[in-house]
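Shown here: run.txt, compact mmCIF, C-alpha atoms.
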# COMPACT_ATOMS: atom_id res chain seq x y z
CA MET K 36 217.10 224.76 111.30
CA ASN K 37 218.74 221.46 112.17
CA LYS K 38 217.11 218.36 110.73
CA VAL K 39 217.10 215.08 112.60
CA TYR K 40 215.89 211.65 111.55
CA VAL K 41 214.81 209.37 114.39
CA PHE K 42 214.44 205.80 113.15
CA ALA K 43 211.67 203.53 114.43
CA ALA K 44 211.55 199.81 113.77
CA GLN K 45 209.09 197.17 114.93
CA GLY K 46 209.96 196.29 118.53
CA MET K 47 211.82 199.50 119.34
CA GLU K 48 211.89 200.87 122.88
CA GLU K 49 209.11 203.46 122.91
CA ILE K 50 210.58 205.80 125.54
CA GLU K 51 213.98 205.91 123.84
CA CYS K 52 212.32 206.79 120.54
CA LEU K 53 209.60 209.21 121.57
CA THR K 54 211.70 211.09 124.14
CA GLN K 55 214.08 212.03 121.34
CA VAL K 56 211.30 213.13 119.01
CA ASP K 57 209.56 215.16 121.73
CA LEU K 58 212.56 216.96 123.21
CA LEU K 59 214.30 217.63 119.90
CA ARG K 60 211.08 219.14 118.53
CA ARG K 61 210.75 221.29 121.67
CA SER K 62 214.21 222.67 120.89
CA GLY K 63 212.99 223.85 117.49
CA MET K 64 214.60 221.21 115.32
CA GLU K 65 212.83 219.59 112.40
CA VAL K 66 212.47 215.96 113.46
CA VAL K 67 211.29 213.27 111.08
CA LEU K 68 210.14 210.09 112.79
CA THR K 69 211.27 207.63 110.14
CA ALA K 70 209.96 204.08 109.89
CA VAL K 71 212.32 201.27 109.00
CA GLY K 72 210.73 198.14 107.59
CA GLY K 73 208.25 199.59 105.11
CA ASP K 74 205.25 200.27 107.37
CA LEU K 75 204.40 203.70 108.83
CA THR K 76 202.72 202.04 111.80
CA ILE K 77 205.25 200.77 114.32
CA GLN K 78 204.52 198.66 117.38
CA GLY K 79 207.08 199.09 120.12
CA SER K 80 208.48 196.42 122.39
CA HIS K 81 205.79 197.19 124.99
CA GLY K 82 202.85 197.15 122.60
CA ILE K 83 202.54 200.91 122.10
CA ILE K 84 201.66 201.73 118.51
CA ILE K 85 203.03 204.89 116.91
CA GLN K 86 202.63 206.43 113.49
CA ALA K 87 205.83 207.50 111.74
CA ASP K 88 206.07 210.60 109.56
CA ALA K 89 207.66 208.75 106.63
CA THR K 90 209.42 205.53 105.72
CA ILE K 91 213.16 205.45 105.22
CA GLU K 92 212.57 204.87 101.51
CA GLU K 93 210.57 208.11 101.27
CA VAL K 94 213.13 210.47 102.82
CA ASN K 95 216.32 212.04 101.54
CA LEU K 96 218.82 211.55 104.35
CA SER K 97 221.41 213.78 102.68
CA ASP K 98 219.94 216.80 104.49
CA ALA K 99 220.39 215.26 107.95
CA ASP K 100 222.24 216.97 110.77
CA ALA K 101 221.75 213.91 112.99
CA LEU K 102 220.62 210.30 112.70
CA VAL K 103 219.15 208.80 115.89
CA LEU K 104 218.71 205.09 116.62
CA PRO K 105 216.55 204.04 119.57
CA GLY K 106 217.20 200.66 121.12
CA GLY K 107 214.93 197.93 122.36
CA MET K 108 214.49 194.38 121.20
CA PRO K 109 213.81 193.24 118.59
CA GLY K 110 213.85 196.86 117.33
CA THR K 111 217.64 197.05 117.35
CA LEU K 112 217.93 193.87 115.31
CA ASN K 113 215.38 195.23 112.84
CA LEU K 114 217.42 198.44 112.49
CA GLN K 115 220.59 196.39 112.01
CA ALA K 116 218.96 194.30 109.27
CA ASP K 117 217.89 197.30 107.19
CA GLU K 118 220.24 197.83 104.22
CA THR K 119 219.02 201.38 103.52
CA LEU K 120 219.79 202.44 107.07
CA ALA K 121 223.18 200.70 106.97
CA ALA K 122 224.09 202.55 103.78
CA ALA K 123 222.98 205.89 105.28
CA LEU K 124 225.02 205.34 108.44
CA LYS K 125 228.11 204.38 106.44
CA LYS K 126 227.68 207.43 104.22
CA ALA K 127 227.31 209.71 107.26
CA ALA K 128 230.47 208.35 108.90
CA GLY K 129 233.34 210.79 108.63
CA THR K 130 231.06 213.75 107.88
CA GLY K 131 229.62 216.46 110.12
CA ILE K 132 226.45 214.46 110.73
CA TRP K 133 225.89 213.34 114.32
CA ILE K 134 225.21 209.61 114.64
CA CYS K 135 223.36 208.86 117.87
CA ALA K 136 222.33 205.52 119.38
CA ILE K 137 220.88 204.48 122.73
CA CYS K 138 220.50 201.22 124.66
CA ALA K 139 221.18 198.21 122.41
CA ALA K 140 221.28 200.34 119.23
CA PRO K 141 225.01 201.17 119.45
CA ARG K 142 225.50 197.54 118.42
CA VAL K 143 224.21 198.56 114.95
CA LEU K 144 227.15 200.97 114.73
CA GLY K 145 229.54 198.32 116.03
CA HIS K 146 228.23 195.82 113.48
CA LEU K 147 229.06 198.31 110.71
CA GLY K 148 232.55 198.94 112.10
CA LEU K 149 231.78 202.61 112.74
CA LEU K 150 232.86 202.67 116.40
CA ASP K 151 236.46 201.62 115.81
CA GLY K 152 238.62 203.76 118.12
CA GLN K 153 235.61 205.58 119.61
CA THR K 154 234.43 205.67 123.22
CA ALA K 155 230.86 204.44 123.55
CA THR K 156 228.30 203.27 126.07
CA CYS K 157 225.32 200.94 125.70
CA TYR K 158 222.83 198.77 127.52
CA PRO K 159 224.61 196.42 129.96
CA GLY K 160 225.53 193.20 128.20
CA CYS K 161 225.77 194.70 124.71
CA GLU K 162 229.39 195.85 125.04
CA SER K 163 230.80 192.92 123.04
CA TYR K 164 228.81 194.09 119.99
CA LEU K 165 230.51 197.51 119.95
CA THR K 166 233.39 196.24 117.82
CA GLY K 167 236.50 198.39 118.13
CA ALA K 168 235.05 200.74 120.75
CA VAL K 169 236.30 201.53 124.22
CA THR K 170 233.17 201.03 126.32
CA THR K 171 232.16 202.80 129.51
CA GLU K 172 229.23 202.72 131.91
CA ASN K 173 228.65 206.47 131.64
CA PRO K 174 225.03 207.52 130.98
CA VAL K 175 226.02 209.33 127.76
CA GLU K 176 229.24 209.34 125.75
CA VAL K 177 230.31 211.74 123.03
CA SER K 178 233.19 210.59 120.86
CA GLY K 179 233.95 212.06 117.46
CA GLN K 180 230.62 212.36 115.67
CA PHE K 181 228.95 209.71 117.85
CA ILE K 182 226.64 210.14 120.83
CA THR K 183 225.73 206.94 122.65
CA SER K 184 223.67 206.25 125.74
CA ARG K 185 222.70 203.36 128.03
CA GLY K 186 218.92 202.94 128.02
CA VAL K 187 215.46 204.11 129.04
CA GLY K 188 216.75 205.77 132.22
CA THR K 189 219.20 207.87 130.21
CA ALA K 190 216.81 208.88 127.40
CA ILE K 191 216.45 212.47 128.66
CA PRO K 192 220.20 213.10 129.16
CA PHE K 193 220.76 211.57 125.72
CA ALA K 194 218.26 213.95 124.12
CA LEU K 195 219.73 216.92 125.99
CA LYS K 196 223.22 216.04 124.74
CA ILE K 197 221.95 215.87 121.15
CA ILE K 198 220.29 219.27 121.63
CA GLU K 199 223.49 220.68 123.12
CA LYS K 200 225.58 219.51 120.17
CA LEU K 201 223.12 220.75 117.53
CA GLU K 202 221.51 223.82 119.10
CA GLY K 203 223.99 224.78 121.82
CA ALA K 204 224.28 224.49 125.59
CA GLU K 205 221.90 227.37 126.25
CA CYS K 206 219.11 225.68 124.32
CA ALA K 207 219.74 222.36 126.08
CA GLN K 208 219.62 224.10 129.46
CA LYS K 209 216.37 225.85 128.51
CA ILE K 210 214.76 222.52 127.58
CA GLU K 211 216.11 220.88 130.72
CA LYS K 212 214.58 223.64 132.86
CA SER K 213 211.27 223.61 130.96
CA ILE K 214 210.75 219.89 131.60
CA VAL K 215 211.88 220.23 135.26
CA PHE K 216 214.73 217.78 134.82
CA GLY K 217 217.76 217.68 137.10
Just dump the structure as structure tokens.
Amino acid sequence: MNKVYVFAAQGMEEIECLTQVDLLRRSGMEVVLTAVGGDLTIQGSHGIIIQADATIEEVNLSDADALVLPGGMPGTLNLQADETLAAALKKAAGTGIWICAICAAPRVLGHLGLLDGQTATCYPGCESYLTGAVTTENPVEVSGQFITSRGVGTAIPFALKIIEKLEGAECAQKIEKSIVFG
């Protein structure tokens, strides 16, 4: 079973976070909603409060098949400021672990220099933070071990792409059909 860590920080975009958790769990993956910032209770950018499964300090990220970063503000900045997350992302770079980021969150990867030579997409206006990347306006981009996406409106295609890469196209199509998407 594939194991995915979805990181939640204070001020994250709720739809971008919870869509990933929901759809990836529907596909049969083990998904750990992981709090960044020390508190299991996270308030999103629109005031919705969620309870994480564990804090980043409590988990062992070495068993990850994918690391997922939702966007939103100031959630993205809180992800970017977390040294434990930065170390995990750097360690995952160049391995078989998928590194996935949506909306403003690809800027975390750009800040760490992980997108050098990759094709990536992000929320409009964040392109300059994707240091070294070739940016597009596509809803979802897959480049190397990175999956990036643009924002709330692309949260479902982003999740389906992660499912496709981890569980296969047939599983992604099954989930897509079951949620009446497309």
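Ranking K:Gln208, K:Ala43, K:Lys196, K:Asp98 by their shortest atom-to-atom distance to Thr69 of chain K, with only C-alpha atoms included, puts K:Ala43 first.
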Rows by chain and residue number, segment 132-205 of chain K within 9 Å of segment 109-118 of chain K, shortest pair, all atoms listed in the file, as a tab-separated table:
residue	atom	partner	partner_atom	distance
K:Cys138	CA	K:Thr111	CA	8.9
K:Ala139	CA	K:Thr111	CA	6.3
K:Ala140	CA	K:Thr111	CA	5.3
K:Pro141	CA	K:Thr111	CA	8.7
K:Arg142	CA	K:Thr111	CA	7.9
K:Val143	CA	K:Gln115	CA	5.1
K:Leu144	CA	K:Gln115	CA	8.5
K:His146	CA	K:Gln115	CA	7.8
K:Leu147	CA	K:Gln115	CA	8.8
Find the residues around segment 158-161 of chain K up to 12 Å (all atoms listed in the file counted), leave out those fewer than 4 positions away in its own chain, and share them as number ranges by chain.
K: 51, 105-108, 111, 136-146, 165-166, 168, 170-175, 183-190
Just want the 6 Å neighbourhood of segment 84-89 of chain K, counted on only C-alpha atoms, with same-chain residues fewer than 4 positions away dropped. Output as a tab-separated table (two decimals) with C-alpha atoms, in the coordinates of the input.
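Result file is part.tsv:
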chain	number	residue	atom	x	y	z
K	68	LEU	CA	210.14	210.09	112.79
K	69	THR	CA	211.27	207.63	110.14
K	70	ALA	CA	209.96	204.08	109.89
K	75	LEU	CA	204.40	203.70	108.83
K	76	THR	CA	202.72	202.04	111.80
K	77	ILE	CA	205.25	200.77	114.32
K	78	GLN	CA	204.52	198.66	117.38
Between K:Leu124, K:Leu149, K:Phe181, K:Lys200, which one has atoms that come closest to Gly167 of chain K, using all atoms listed in the file?
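Smallest separation from Gly167 of chain K among the options: K:Leu149.
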Using all atoms listed in the file for the distances, tell me which of K:Ala128, K:Leu59, K:Val103, K:Thr119 is nearest to Glu199 of chain K.
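Ranked by minimum distance to Glu199 of chain K, first place goes to K:Leu59.
Atom pair atom CA of Ala204 of chain K / atom CA of Tyr40 of chain K has a distance of 20.8 Å (rounded to one decimal).
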Counting only C-alpha atoms, the option among K:Thr154, K:Ser163, K:Thr90, K:Ser97 closest to Val39 of chain K:
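Of K:Thr154, K:Ser163, K:Thr90, K:Ser97, the one nearest Val39 of chain K is K:Ser97, counting only C-alpha atoms.
The space between atom CA of Val169 of chain K and atom CA of Gly152 of chain K spans 6.9 Å.
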Just want the 7 Å neighbourhood of Glu65 of chain K, counted on only C-alpha atoms, with same-chain residues fewer than 2 positions away dropped. Output as a PDB file with C-alpha atoms, in the frame of the given file.
ATOM      1  CA  MET K  36     217.100 224.760 111.300  1.00  0.00           C
ATOM      2  CA  ASN K  37     218.740 221.460 112.170  1.00  0.00           C
ATOM      3  CA  LYS K  38     217.110 218.360 110.730  1.00  0.00           C
ATOM      4  CA  VAL K  39     217.100 215.080 112.600  1.00  0.00           C
ATOM      5  CA  ARG K  60     211.080 219.140 118.530  1.00  0.00           C
ATOM      6  CA  GLY K  63     212.990 223.850 117.490  1.00  0.00           C
ATOM      7  CA  VAL K  67     211.290 213.270 111.080  1.00  0.00           C
TER       8      VAL K  67
END
